[in-house]
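Okay, final-v4.txt now, which holds compact mmCIF, C-alpha atoms and all ligand atoms:
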# COMPACT_ATOMS: atom_id res chain seq x y z
CA MET L 946 19.09 -24.65 -24.93
CA THR L 947 18.18 -26.77 -27.91
CA SER L 948 15.69 -29.52 -27.38
CA ALA L 949 15.17 -32.89 -28.97
CA ARG L 950 11.57 -32.88 -27.81
CA PRO L 951 8.82 -32.21 -30.37
CA PHE L 952 6.92 -28.91 -30.22
CA ASN L 953 3.61 -29.32 -28.43
CA PHE L 954 0.74 -27.02 -29.49
CA SER L 955 -1.83 -28.44 -27.05
CA ALA L 956 -4.48 -26.02 -25.79
CA GLY L 957 -4.21 -27.52 -22.32
CA PRO L 958 -2.83 -29.19 -20.38
CA ALA L 959 -0.06 -27.59 -22.35
CA THR L 960 3.65 -27.43 -22.91
CA LEU L 961 5.82 -26.32 -19.97
CA PRO L 962 9.28 -24.71 -20.03
CA GLU L 963 11.85 -27.46 -20.46
CA PRO L 964 14.19 -26.09 -17.75
CA VAL L 965 11.30 -26.32 -15.29
CA LEU L 966 10.58 -29.95 -16.23
CA ARG L 967 14.26 -30.75 -15.79
CA GLN L 968 14.37 -29.11 -12.38
CA VAL L 969 11.23 -30.97 -11.28
CA ALA L 970 12.87 -34.22 -12.38
CA ALA L 971 16.08 -33.40 -10.54
CA GLU L 972 14.22 -32.52 -7.33
CA MET L 973 11.69 -35.35 -7.55
CA LEU L 974 13.11 -37.67 -4.91
CA ASP L 975 14.69 -35.16 -2.57
CA TRP L 976 13.61 -31.53 -2.48
CA HIS L 977 16.51 -29.31 -1.32
CA GLY L 978 17.96 -31.93 1.01
CA SER L 979 14.68 -32.44 2.86
CA GLY L 980 14.69 -36.16 2.05
CA MET L 981 11.17 -35.79 0.64
CA SER L 982 9.50 -35.26 -2.68
CA VAL L 983 7.30 -32.15 -2.68
CA MET L 984 4.41 -34.60 -3.16
CA GLU L 985 5.22 -36.17 0.21
CA MET L 986 5.38 -33.03 2.34
CA SER L 987 2.84 -31.69 4.77
CA HIS L 988 1.23 -28.59 3.31
CA ARG L 989 1.65 -27.04 6.75
CA GLY L 990 5.35 -27.85 7.13
CA LYS L 991 8.00 -25.17 6.80
CA GLU L 992 9.31 -26.61 3.52
CA PHE L 993 6.02 -26.40 1.66
CA ILE L 994 5.05 -23.08 3.27
CA SER L 995 8.28 -21.62 1.88
CA ILE L 996 7.41 -22.98 -1.59
CA ALA L 997 3.88 -21.55 -1.49
CA GLU L 998 5.02 -18.16 -0.16
CA ALA L 999 7.69 -17.83 -2.84
CA ALA L 1000 5.18 -18.80 -5.53
CA GLU L 1001 2.73 -16.11 -4.42
CA ARG L 1002 5.47 -13.50 -4.06
CA ASP L 1003 6.85 -14.20 -7.54
CA LEU L 1004 3.39 -14.24 -9.11
CA ARG L 1005 2.49 -10.91 -7.50
CA GLU L 1006 5.76 -9.44 -8.65
CA LEU L 1007 5.39 -10.70 -12.23
CA LEU L 1008 1.86 -9.38 -12.65
CA SER L 1009 2.26 -6.31 -10.40
CA VAL L 1010 -0.76 -7.39 -8.38
CA PRO L 1011 -1.84 -4.46 -6.17
CA GLU L 1012 -2.03 -4.71 -2.37
CA GLY L 1013 -5.83 -4.70 -2.29
CA PHE L 1014 -6.04 -8.01 -4.12
CA ARG L 1015 -5.88 -11.42 -2.47
CA VAL L 1016 -4.24 -14.23 -4.43
CA LEU L 1017 -5.88 -17.61 -3.81
CA PHE L 1018 -4.56 -21.02 -4.79
CA MET L 1019 -7.66 -23.11 -5.31
CA GLN L 1020 -8.96 -26.24 -7.03
CA GLY L 1021 -11.91 -26.86 -9.32
CA GLY L 1022 -10.56 -25.40 -12.55
CA GLY L 1023 -12.12 -22.77 -14.77
CA LEU L 1024 -15.39 -24.65 -14.86
CA GLY L 1025 -15.43 -24.85 -11.08
CA GLU L 1026 -15.01 -21.08 -10.94
CA ASN L 1027 -18.05 -20.70 -13.19
CA ALA L 1028 -20.05 -21.78 -10.13
CA ILE L 1029 -17.71 -20.53 -7.40
CA VAL L 1030 -17.72 -16.93 -8.67
CA PRO L 1031 -21.51 -16.51 -8.66
CA MET L 1032 -21.77 -18.31 -5.31
CA ASN L 1033 -19.33 -15.77 -3.84
CA LEU L 1034 -20.17 -12.58 -5.68
CA SER L 1035 -23.72 -12.60 -7.02
CA ARG L 1036 -25.57 -12.43 -3.67
CA GLY L 1037 -28.30 -14.22 -5.61
CA GLY L 1038 -28.85 -11.07 -7.68
CA LYS L 1039 -28.01 -10.02 -11.21
CA VAL L 1040 -25.03 -10.98 -13.34
CA ASP L 1041 -24.29 -9.64 -16.84
CA VAL L 1042 -22.24 -11.83 -19.16
CA VAL L 1043 -20.67 -10.81 -22.47
CA VAL L 1044 -20.49 -13.85 -24.73
CA THR L 1045 -17.50 -13.87 -27.05
CA GLY L 1046 -17.20 -17.63 -27.52
CA SER L 1047 -17.56 -21.07 -26.00
CA TRP L 1048 -16.14 -20.42 -22.55
CA SER L 1049 -18.12 -17.27 -21.75
CA ARG L 1050 -21.26 -19.07 -22.97
CA LYS L 1051 -20.55 -21.88 -20.50
CA SER L 1052 -19.96 -19.36 -17.73
CA ALA L 1053 -23.34 -17.76 -18.39
CA ALA L 1054 -25.10 -21.14 -18.33
CA GLU L 1055 -23.53 -22.15 -15.02
CA ALA L 1056 -24.12 -18.77 -13.35
CA ARG L 1057 -27.86 -19.12 -14.18
CA ARG L 1058 -28.07 -21.71 -11.42
CA TYR L 1059 -27.19 -19.07 -8.82
CA ALA L 1060 -28.12 -15.71 -10.27
CA ASN L 1061 -30.31 -13.74 -12.64
CA VAL L 1062 -28.10 -13.83 -15.72
CA GLN L 1063 -28.45 -11.52 -18.67
CA ILE L 1064 -26.39 -11.89 -21.84
CA ALA L 1065 -25.20 -8.31 -22.20
CA ALA L 1066 -24.00 -8.89 -25.76
CA GLU L 1067 -23.24 -11.89 -27.90
CA GLY L 1068 -20.60 -12.23 -30.59
CA ASN L 1069 -20.33 -14.82 -33.35
CA GLY L 1070 -17.11 -16.36 -32.01
CA ARG L 1071 -14.93 -14.21 -34.28
CA GLU L 1072 -15.36 -10.77 -32.74
CA ILE L 1073 -15.94 -8.79 -29.57
CA PRO L 1074 -19.52 -7.59 -29.82
CA ARG L 1075 -20.34 -3.90 -29.42
CA ASP L 1076 -23.22 -2.24 -27.56
CA TRP L 1077 -23.38 -4.03 -24.26
CA ARG L 1078 -26.63 -3.89 -22.29
CA LEU L 1079 -25.35 -3.48 -18.74
CA ARG L 1080 -27.49 -3.23 -15.62
CA ASP L 1081 -26.48 -0.73 -12.94
CA ASP L 1082 -27.64 -3.07 -10.20
CA ALA L 1083 -25.74 -6.14 -11.42
CA ALA L 1084 -23.37 -7.76 -8.93
CA TYR L 1085 -20.69 -8.13 -11.61
CA VAL L 1086 -20.01 -8.32 -15.33
CA HIS L 1087 -18.31 -11.47 -16.63
CA VAL L 1088 -16.08 -11.69 -19.70
CA CYS L 1089 -13.67 -14.35 -20.92
CA SER L 1090 -10.60 -12.29 -21.73
CA ASN L 1091 -9.17 -14.99 -24.01
CA GLU L 1092 -11.50 -17.50 -25.65
CA THR L 1093 -9.30 -20.57 -25.89
CA ILE L 1094 -11.51 -22.43 -28.37
CA ASP L 1095 -12.46 -19.57 -30.68
CA GLY L 1096 -9.18 -17.66 -30.48
CA VAL L 1097 -10.75 -14.32 -29.51
CA GLU L 1098 -8.79 -12.11 -27.10
CA PHE L 1099 -9.48 -8.80 -25.41
CA HIS L 1100 -6.34 -6.75 -26.09
CA ASP L 1101 -7.73 -4.09 -23.75
CA LEU L 1102 -9.92 -5.06 -20.86
CA PRO L 1103 -13.30 -3.35 -20.88
CA HIS L 1104 -13.38 -0.13 -18.89
CA LEU L 1105 -16.65 -0.33 -16.99
CA THR L 1106 -17.89 3.03 -15.77
CA HIS L 1107 -21.18 2.05 -14.14
CA GLY L 1108 -19.68 1.03 -10.80
CA VAL L 1109 -20.06 -2.73 -11.29
CA PRO L 1110 -17.00 -4.99 -10.84
CA LEU L 1111 -15.55 -6.85 -13.80
CA VAL L 1112 -14.82 -10.58 -13.53
CA ILE L 1113 -12.42 -12.05 -16.08
CA ASP L 1114 -11.83 -15.68 -16.94
CA CYS L 1115 -8.22 -15.33 -18.05
CA SER L 1116 -7.38 -19.06 -17.93
CA SER L 1117 -5.63 -19.22 -21.27
CA HIS L 1118 -3.67 -15.97 -21.34
CA LEU L 1119 -2.80 -15.48 -17.70
CA LEU L 1120 0.88 -14.51 -17.45
CA SER L 1121 1.19 -13.89 -21.20
CA ARG L 1122 0.82 -10.11 -20.79
CA PRO L 1123 0.25 -7.57 -18.04
CA ILE L 1124 -3.22 -7.17 -16.51
CA ASP L 1125 -4.75 -3.72 -16.01
CA TRP L 1126 -5.88 -4.33 -12.43
CA SER L 1127 -7.64 -0.96 -12.27
CA ARG L 1128 -10.34 -2.50 -14.46
CA VAL L 1129 -10.66 -5.81 -12.62
CA GLY L 1130 -12.67 -6.93 -9.61
CA LEU L 1131 -11.80 -10.61 -9.84
CA ALA L 1132 -9.66 -12.66 -12.22
CA PHE L 1133 -9.46 -16.43 -12.35
CA GLY L 1134 -7.61 -19.00 -14.37
CA GLY L 1135 -6.85 -22.69 -14.41
CA ALA L 1136 -3.10 -23.29 -14.33
CA GLN L 1137 -2.88 -25.89 -17.07
CA LYS L 1138 -2.81 -23.49 -20.01
CA ASN L 1139 0.07 -21.18 -19.29
CA ILE L 1140 1.21 -21.71 -15.71
CA GLY L 1141 1.68 -25.32 -14.67
CA PRO L 1142 -0.03 -28.66 -14.15
CA ALA L 1143 -3.79 -29.14 -14.04
CA GLY L 1144 -5.34 -29.12 -10.59
CA LEU L 1145 -4.41 -25.59 -9.53
CA THR L 1146 -6.73 -22.66 -10.09
CA LEU L 1147 -5.58 -19.10 -9.47
CA VAL L 1148 -7.96 -16.45 -8.19
CA PHE L 1149 -7.15 -12.77 -7.75
CA VAL L 1150 -9.89 -10.97 -5.88
CA ARG L 1151 -10.35 -7.48 -4.46
CA GLU L 1152 -10.64 -7.64 -0.70
CA GLU L 1153 -13.85 -5.63 -0.66
CA LEU L 1154 -15.61 -8.31 -2.71
CA LEU L 1155 -15.01 -10.96 -0.05
CA GLY L 1156 -17.55 -11.99 2.57
CA HIS L 1157 -20.81 -12.21 0.63
CA ALA L 1158 -20.92 -15.90 -0.30
CA LEU L 1159 -24.29 -17.60 -0.57
CA ASP L 1160 -25.15 -20.01 2.25
CA ILE L 1161 -24.97 -22.95 -0.13
CA CYS L 1162 -21.34 -22.17 -1.03
CA PRO L 1163 -19.05 -24.99 0.14
CA SER L 1164 -16.58 -23.69 2.74
CA ALA L 1165 -13.63 -24.88 0.66
CA PHE L 1166 -14.89 -22.63 -2.17
CA ASN L 1167 -15.74 -19.62 -0.03
CA TYR L 1168 -13.18 -16.99 -1.01
CA ALA L 1169 -13.27 -15.33 2.42
CA THR L 1170 -12.58 -18.65 4.14
CA VAL L 1171 -9.82 -19.57 1.71
CA ALA L 1172 -8.25 -16.10 1.96
CA ALA L 1173 -8.33 -16.13 5.77
CA ALA L 1174 -6.53 -19.49 5.73
CA HIS L 1175 -3.95 -18.31 3.16
CA SER L 1176 -5.17 -20.96 0.71
CA MET L 1177 -4.63 -23.68 3.34
CA PHE L 1178 -8.24 -24.14 4.50
CA ASN L 1179 -7.96 -27.61 3.04
CA THR L 1180 -5.00 -29.33 1.40
CA PRO L 1181 -4.11 -27.27 -1.65
CA PRO L 1182 -2.77 -28.92 -4.85
CA THR L 1183 0.76 -28.85 -3.47
CA PHE L 1184 2.68 -30.36 -6.37
CA ALA L 1185 0.94 -28.12 -8.90
CA ILE L 1186 1.74 -25.05 -6.75
CA TYR L 1187 5.38 -26.13 -6.63
CA VAL L 1188 5.64 -26.53 -10.41
CA ALA L 1189 3.79 -23.25 -10.98
CA GLY L 1190 6.27 -21.61 -8.59
CA LEU L 1191 9.16 -22.86 -10.72
CA VAL L 1192 7.41 -21.48 -13.81
CA PHE L 1193 7.14 -18.10 -12.07
CA GLN L 1194 10.89 -18.19 -11.28
CA TRP L 1195 11.60 -19.11 -14.90
CA ALA L 1196 9.37 -16.26 -16.09
CA ARG L 1197 11.06 -13.69 -13.84
CA GLN L 1198 14.47 -14.62 -15.30
CA PHE L 1199 13.22 -14.85 -18.88
CA GLU L 1200 15.02 -12.57 -21.34
CA TYR L 1201 14.09 -11.70 -24.89
CA ALA L 1202 14.71 -8.75 -27.20
CA GLY L 1203 16.49 -6.79 -24.49
CA LYS L 1204 13.58 -7.21 -22.08
CA ARG L 1205 13.15 -9.29 -18.97
CA GLY L 1206 10.35 -11.08 -17.14
CA LEU L 1207 6.76 -10.54 -18.18
CA ALA L 1208 7.67 -7.84 -20.69
CA ALA L 1209 10.03 -10.27 -22.42
CA LEU L 1210 7.39 -13.01 -22.48
CA GLU L 1211 4.81 -10.61 -23.85
CA GLN L 1212 7.19 -9.43 -26.59
CA ARG L 1213 7.97 -12.99 -27.62
CA ASN L 1214 4.25 -13.81 -27.63
CA ILE L 1215 3.60 -10.83 -29.91
CA ASP L 1216 6.37 -11.96 -32.24
CA LYS L 1217 5.24 -15.59 -32.29
CA ALA L 1218 1.60 -14.69 -32.99
CA GLY L 1219 2.64 -12.17 -35.66
CA LEU L 1220 4.73 -14.76 -37.43
CA LEU L 1221 1.95 -17.34 -37.45
CA TYR L 1222 -0.90 -15.03 -38.46
CA SER L 1223 1.22 -13.53 -41.25
CA ALA L 1224 1.92 -16.98 -42.65
CA LEU L 1225 -1.77 -17.92 -42.49
CA ASP L 1226 -2.91 -14.63 -44.06
CA ALA L 1227 -0.30 -14.77 -46.83
CA SER L 1228 -1.56 -18.17 -47.94
CA GLY L 1229 -4.70 -18.94 -49.87
CA PHE L 1230 -4.53 -22.44 -48.46
CA TYR L 1231 -5.07 -21.72 -44.75
CA GLU L 1232 -7.45 -19.33 -43.06
CA ASN L 1233 -7.97 -17.76 -39.65
CA ARG L 1234 -11.43 -16.19 -39.44
CA VAL L 1235 -11.15 -14.02 -36.34
CA ASP L 1236 -11.50 -10.23 -36.53
CA LEU L 1237 -8.01 -8.65 -36.77
CA ALA L 1238 -8.65 -6.50 -33.69
CA CYS L 1239 -9.18 -9.44 -31.34
CA ARG L 1240 -7.06 -12.30 -32.64
CA SER L 1241 -5.62 -14.25 -29.75
CA ARG L 1242 -1.87 -14.28 -29.18
CA MET L 1243 -2.24 -17.61 -27.41
CA ASN L 1244 -4.69 -19.75 -29.37
CA VAL L 1245 -4.69 -19.62 -33.15
CA PRO L 1246 -7.47 -21.62 -34.80
CA PHE L 1247 -7.12 -22.10 -38.54
CA PHE L 1248 -8.72 -24.08 -41.32
CA LEU L 1249 -7.41 -25.83 -44.38
CA GLN L 1250 -9.32 -24.78 -47.46
CA ASP L 1251 -9.71 -28.45 -48.31
CA GLU L 1252 -10.96 -30.06 -45.12
CA ALA L 1253 -10.47 -33.50 -46.65
CA LEU L 1254 -6.75 -32.97 -45.99
CA ASN L 1255 -7.19 -32.53 -42.23
CA GLU L 1256 -6.13 -36.03 -41.22
CA THR L 1257 -3.14 -35.99 -43.57
CA PHE L 1258 -2.12 -32.61 -42.20
CA LEU L 1259 -2.22 -33.84 -38.60
CA ALA L 1260 -0.34 -37.04 -39.38
CA GLU L 1261 2.39 -35.24 -41.30
CA ALA L 1262 2.66 -32.55 -38.64
CA LYS L 1263 3.12 -35.18 -35.98
CA ALA L 1264 5.79 -36.91 -38.04
CA ALA L 1265 7.52 -33.51 -38.34
CA GLY L 1266 7.55 -33.14 -34.53
CA LEU L 1267 4.56 -30.78 -34.27
CA LEU L 1268 2.06 -32.23 -31.81
CA GLN L 1269 -1.59 -31.67 -30.87
CA LEU L 1270 -2.64 -29.28 -33.64
CA LYS L 1271 -6.17 -30.64 -33.97
CA GLY L 1272 -8.86 -28.00 -33.50
CA HIS L 1273 -11.49 -28.21 -30.79
CA LYS L 1274 -14.27 -30.62 -31.72
CA THR L 1275 -16.91 -27.88 -31.69
CA VAL L 1276 -14.98 -25.73 -34.17
CA GLY L 1277 -13.09 -28.26 -36.29
CA GLY L 1278 -10.01 -27.45 -38.33
CA MET L 1279 -6.73 -26.84 -36.56
CA ARG L 1280 -5.59 -24.86 -33.56
CA ALA L 1281 -2.07 -23.92 -32.57
CA SER L 1282 -1.78 -22.90 -28.93
CA ILE L 1283 1.42 -20.92 -28.51
CA TYR L 1284 1.64 -20.25 -24.81
CA ASN L 1285 4.60 -18.73 -22.93
CA ALA L 1286 6.55 -21.98 -22.94
CA MET L 1287 6.41 -22.34 -26.73
CA PRO L 1288 9.74 -21.08 -28.10
CA LEU L 1289 9.97 -18.91 -31.21
CA GLU L 1290 11.65 -21.90 -32.90
CA GLY L 1291 8.45 -23.90 -32.40
CA VAL L 1292 6.40 -21.34 -34.33
CA GLN L 1293 9.12 -21.07 -36.99
CA ALA L 1294 9.00 -24.84 -37.38
CA LEU L 1295 5.19 -24.73 -37.67
CA VAL L 1296 5.33 -21.96 -40.28
CA GLY L 1297 7.93 -23.93 -42.24
CA PHE L 1298 5.70 -26.98 -42.11
CA LEU L 1299 2.64 -24.97 -43.24
CA LYS L 1300 4.52 -23.77 -46.33
CA ASP L 1301 5.91 -27.18 -47.09
CA PHE L 1302 2.54 -28.87 -46.71
CA GLU L 1303 0.91 -26.28 -48.96
CA ALA L 1304 3.63 -26.74 -51.58
CA ARG L 1305 3.00 -30.48 -51.65
CA HIS L 1306 -0.81 -30.49 -51.39
CA GLY L 1307 -1.91 -27.02 -52.52
C1 LIG W 1401 -9.59 -24.43 -20.12
C2 LIG W 1401 -10.52 -23.30 -19.81
C3 LIG W 1401 -11.54 -23.43 -18.85
C4 LIG W 1401 -11.85 -24.76 -18.16
O1 LIG W 1401 -10.90 -25.13 -17.30
P1 LIG W 1401 -11.04 -26.51 -16.48
O2 LIG W 1401 -9.81 -26.48 -15.67
O3 LIG W 1401 -11.11 -27.62 -17.48
O4 LIG W 1401 -12.27 -26.42 -15.68
C5 LIG W 1401 -12.32 -22.35 -18.59
N1 LIG W 1401 -12.14 -21.18 -19.22
C6 LIG W 1401 -11.18 -21.02 -20.16
C7 LIG W 1401 -11.02 -19.70 -20.83
C8 LIG W 1401 -10.34 -22.08 -20.47
O5 LIG W 1401 -9.38 -21.91 -21.40
Give the structure from the file, written as structure tokens.
Amino acid sequence: MTSARPFNFSAGPATLPEPVLRQVAAEMLDWHGSGMSVMEMSHRGKEFISIAEAAERDLRELLSVPEGFRVLFMQGGGLGENAIVPMNLSRGGKVDVVVTGSWSRKSAAEARRYANVQIAAEGNGREIPRDWRLRDDAAYVHVCSNETIDGVEFHDLPHLTHGVPLVIDCSSHLLSRPIDWSRVGLAFGGAQKNIGPAGLTLVFVREELLGHALDICPSAFNYATVAAAHSMFNTPPTFAIYVAGLVFQWARQFEYAGKRGLAALEQRNIDKAGLLYSALDASGFYENRVDLACRSRMNVPFFLQDEALNETFLAEAKAAGLLQLKGHKTVGGMRASIYNAMPLEGVQALVGFLKDFEARHG
């Protein structure tokens, strides 16, 4: 399907698959003959229960989530989880955090309010640091598996061998590639990067980690309570779950390069990122500064050699139908977020614009 809409490179809330937006529009006033919008339904009615069950089933299928994991539909976002995880898992003890960029640094700072936090290693925002100092008696090790702001991604999850569970904040690359669950104790992600509207937070947690929340943990954020109530302890973000469910259906049907589903999405993400990084590297005009081994497939920060051209670049990009390329305020420069819903044509258009802009201003 060709689209007249501009290409949207926002880091989040981010672009969604156009067929999903169209379906949401078509079903807005009357979902499947129910006479109700999904926004108007009881979360305990049979209509919404069927939506939520299908969403969980499709998500589990897409990511091959093993039996021993519970999938929770929560609220509070990634930043909420920075507190909710230590309240549920730390038992007030030790937590080791590997800092690879802005988000893991924030996670460490928040966890300090509930636990004895040690920075196990700290990178410079362009690399995954080596030589982690890990404590055998830590409750868990936290990493951000894709640093949205810095553009640093773990292409292999760390294989911890000291018997301590790994927690990953995978907000910005969830559903862009498979997850090696054998290495994970808990994974969380806000939906608004790659999955659906803001307001929904996904948590995947091993059953054996449930049941140790601190007393101060709000019941609505106690994983054991939420799991026992099948994410209906309180009203979940129903509309966001519905849209995410449609994204999961879209993802399951997605075809690319002879592949289907998550494998097809991953292949297209590899191709999109390859195209963009090649264009940046081939130019002396633009620069991405992240270590080759951990460049993110989802978030590509880059700089113009002449920063005085930044505003012109953004204005011309917008006029060319390429939206929200401004880098995060803490990093500056530009950032192209190329999540699942960004078509190959969007990255081709961006690469064409990069060359054209360089030809005119370089
Ligand atoms: C966006 C993001 C967050 C914060 O999510 P909120 O929903 O704004 O709380 C946390 N971690 C990562 C990696 C993110 O990309």
Find the residues around stretch 1250-1257 of chain L up to 10 Å (all atoms listed in the file counted), leave out those fewer than 3 positions away in its own chain, and share them as number ranges by chain. L: 1229-1232, 1247, 1260-1263, 1271-1272, 1277-1279, 1302, 1306-1307
Can you build me a table of chain L residues sitting at most 8 Å from ligand LIG 1401 (chain W), with the closest atom pair per residue and its distance in Å to one decimal, using all atoms listed in the file, sorted by chain and residue number, as JSON lines?
{"residue": "L:Ala956", "atom": "CA", "partner": "W:LIG1401", "partner_atom": "O5", "distance": 7.8}
{"residue": "L:Gly957", "atom": "CA", "partner": "W:LIG1401", "partner_atom": "C1", "distance": 6.6}
{"residue": "L:Gly1021", "atom": "CA", "partner": "W:LIG1401", "partner_atom": "O4", "distance": 6.4}
{"residue": "L:Gly1022", "atom": "CA", "partner": "W:LIG1401", "partner_atom": "O2", "distance": 3.4}
{"residue": "L:Gly1023", "atom": "CA", "partner": "W:LIG1401", "partner_atom": "O1", "distance": 3.7}
{"residue": "L:Leu1024", "atom": "CA", "partner": "W:LIG1401", "partner_atom": "O4", "distance": 3.7}
{"residue": "L:Gly1025", "atom": "CA", "partner": "W:LIG1401", "partner_atom": "O4", "distance": 5.8}
{"residue": "L:Glu1026", "atom": "CA", "partner": "W:LIG1401", "partner_atom": "O4", "distance": 7.6}
{"residue": "L:Trp1048", "atom": "CA", "partner": "W:LIG1401", "partner_atom": "N1", "distance": 5.3}
{"residue": "L:Ser1049", "atom": "CA", "partner": "W:LIG1401", "partner_atom": "C7", "distance": 7.6}
{"residue": "L:Cys1089", "atom": "CA", "partner": "W:LIG1401", "partner_atom": "C7", "distance": 6.0}
{"residue": "L:Ser1090", "atom": "CA", "partner": "W:LIG1401", "partner_atom": "C7", "distance": 7.5}
{"residue": "L:Asn1091", "atom": "CA", "partner": "W:LIG1401", "partner_atom": "C7", "distance": 6.0}
{"residue": "L:Glu1092", "atom": "CA", "partner": "W:LIG1401", "partner_atom": "C7", "distance": 5.3}
{"residue": "L:Thr1093", "atom": "CA", "partner": "W:LIG1401", "partner_atom": "O5", "distance": 4.7}
{"residue": "L:Ile1094", "atom": "CA", "partner": "W:LIG1401", "partner_atom": "O5", "distance": 7.3}
{"residue": "L:Asp1114", "atom": "CA", "partner": "W:LIG1401", "partner_atom": "C7", "distance": 5.7}
{"residue": "L:Cys1115", "atom": "CA", "partner": "W:LIG1401", "partner_atom": "C7", "distance": 5.9}
{"residue": "L:Ser1116", "atom": "CA", "partner": "W:LIG1401", "partner_atom": "C7", "distance": 4.7}
{"residue": "L:Ser1117", "atom": "CA", "partner": "W:LIG1401", "partner_atom": "O5", "distance": 4.6}
{"residue": "L:Gly1134", "atom": "CA", "partner": "W:LIG1401", "partner_atom": "N1", "distance": 7.0}
{"residue": "L:Gly1135", "atom": "CA", "partner": "W:LIG1401", "partner_atom": "O2", "distance": 5.0}
{"residue": "L:Ala1136", "atom": "CA", "partner": "W:LIG1401", "partner_atom": "O2", "distance": 7.5}
{"residue": "L:Gln1137", "atom": "CA", "partner": "W:LIG1401", "partner_atom": "O2", "distance": 7.1}
{"residue": "L:Lys1138", "atom": "CA", "partner": "W:LIG1401", "partner_atom": "C1", "distance": 6.8}
{"residue": "L:Ala1143", "atom": "CA", "partner": "W:LIG1401", "partner_atom": "O2", "distance": 6.8}
{"residue": "L:Gly1144", "atom": "CA", "partner": "W:LIG1401", "partner_atom": "O2", "distance": 7.3}
{"residue": "L:Thr1146", "atom": "CA", "partner": "W:LIG1401", "partner_atom": "O2", "distance": 7.4}
Leaving out L:Ala1238 and any residue of its chain fewer than 3 positions from it, which residues lie within 10 Å of it when counting all atoms listed in the file, given as a PyMOL selection string? chain L and resi 1071-1073+1097-1100+1235+1241
Find the spatial neighbours of L:Glu1152, counting all atoms listed in the file, within a cut-off of 9 Å - ignore same-chain residues fewer than 2 positions away - and output them as a VMD selection string. chain L and resid 1013 to 1015 1150 1154 to 1156 1169
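All residues of protein, DNA or RNA that reach within 8 Å of stretch 1200-1203 of chain L, judged by all atoms listed in the file and not counting those fewer than 4 positions away in the chain, are L:Ala1209, L:Leu1210, L:Gln1212, L:Arg1213.
With distances taken over all atoms listed in the file, L:Pro1246 is the one residue among L:Pro962, L:Gly980, L:Gly1190, L:Pro1246 lying closest to L:Ala1281.
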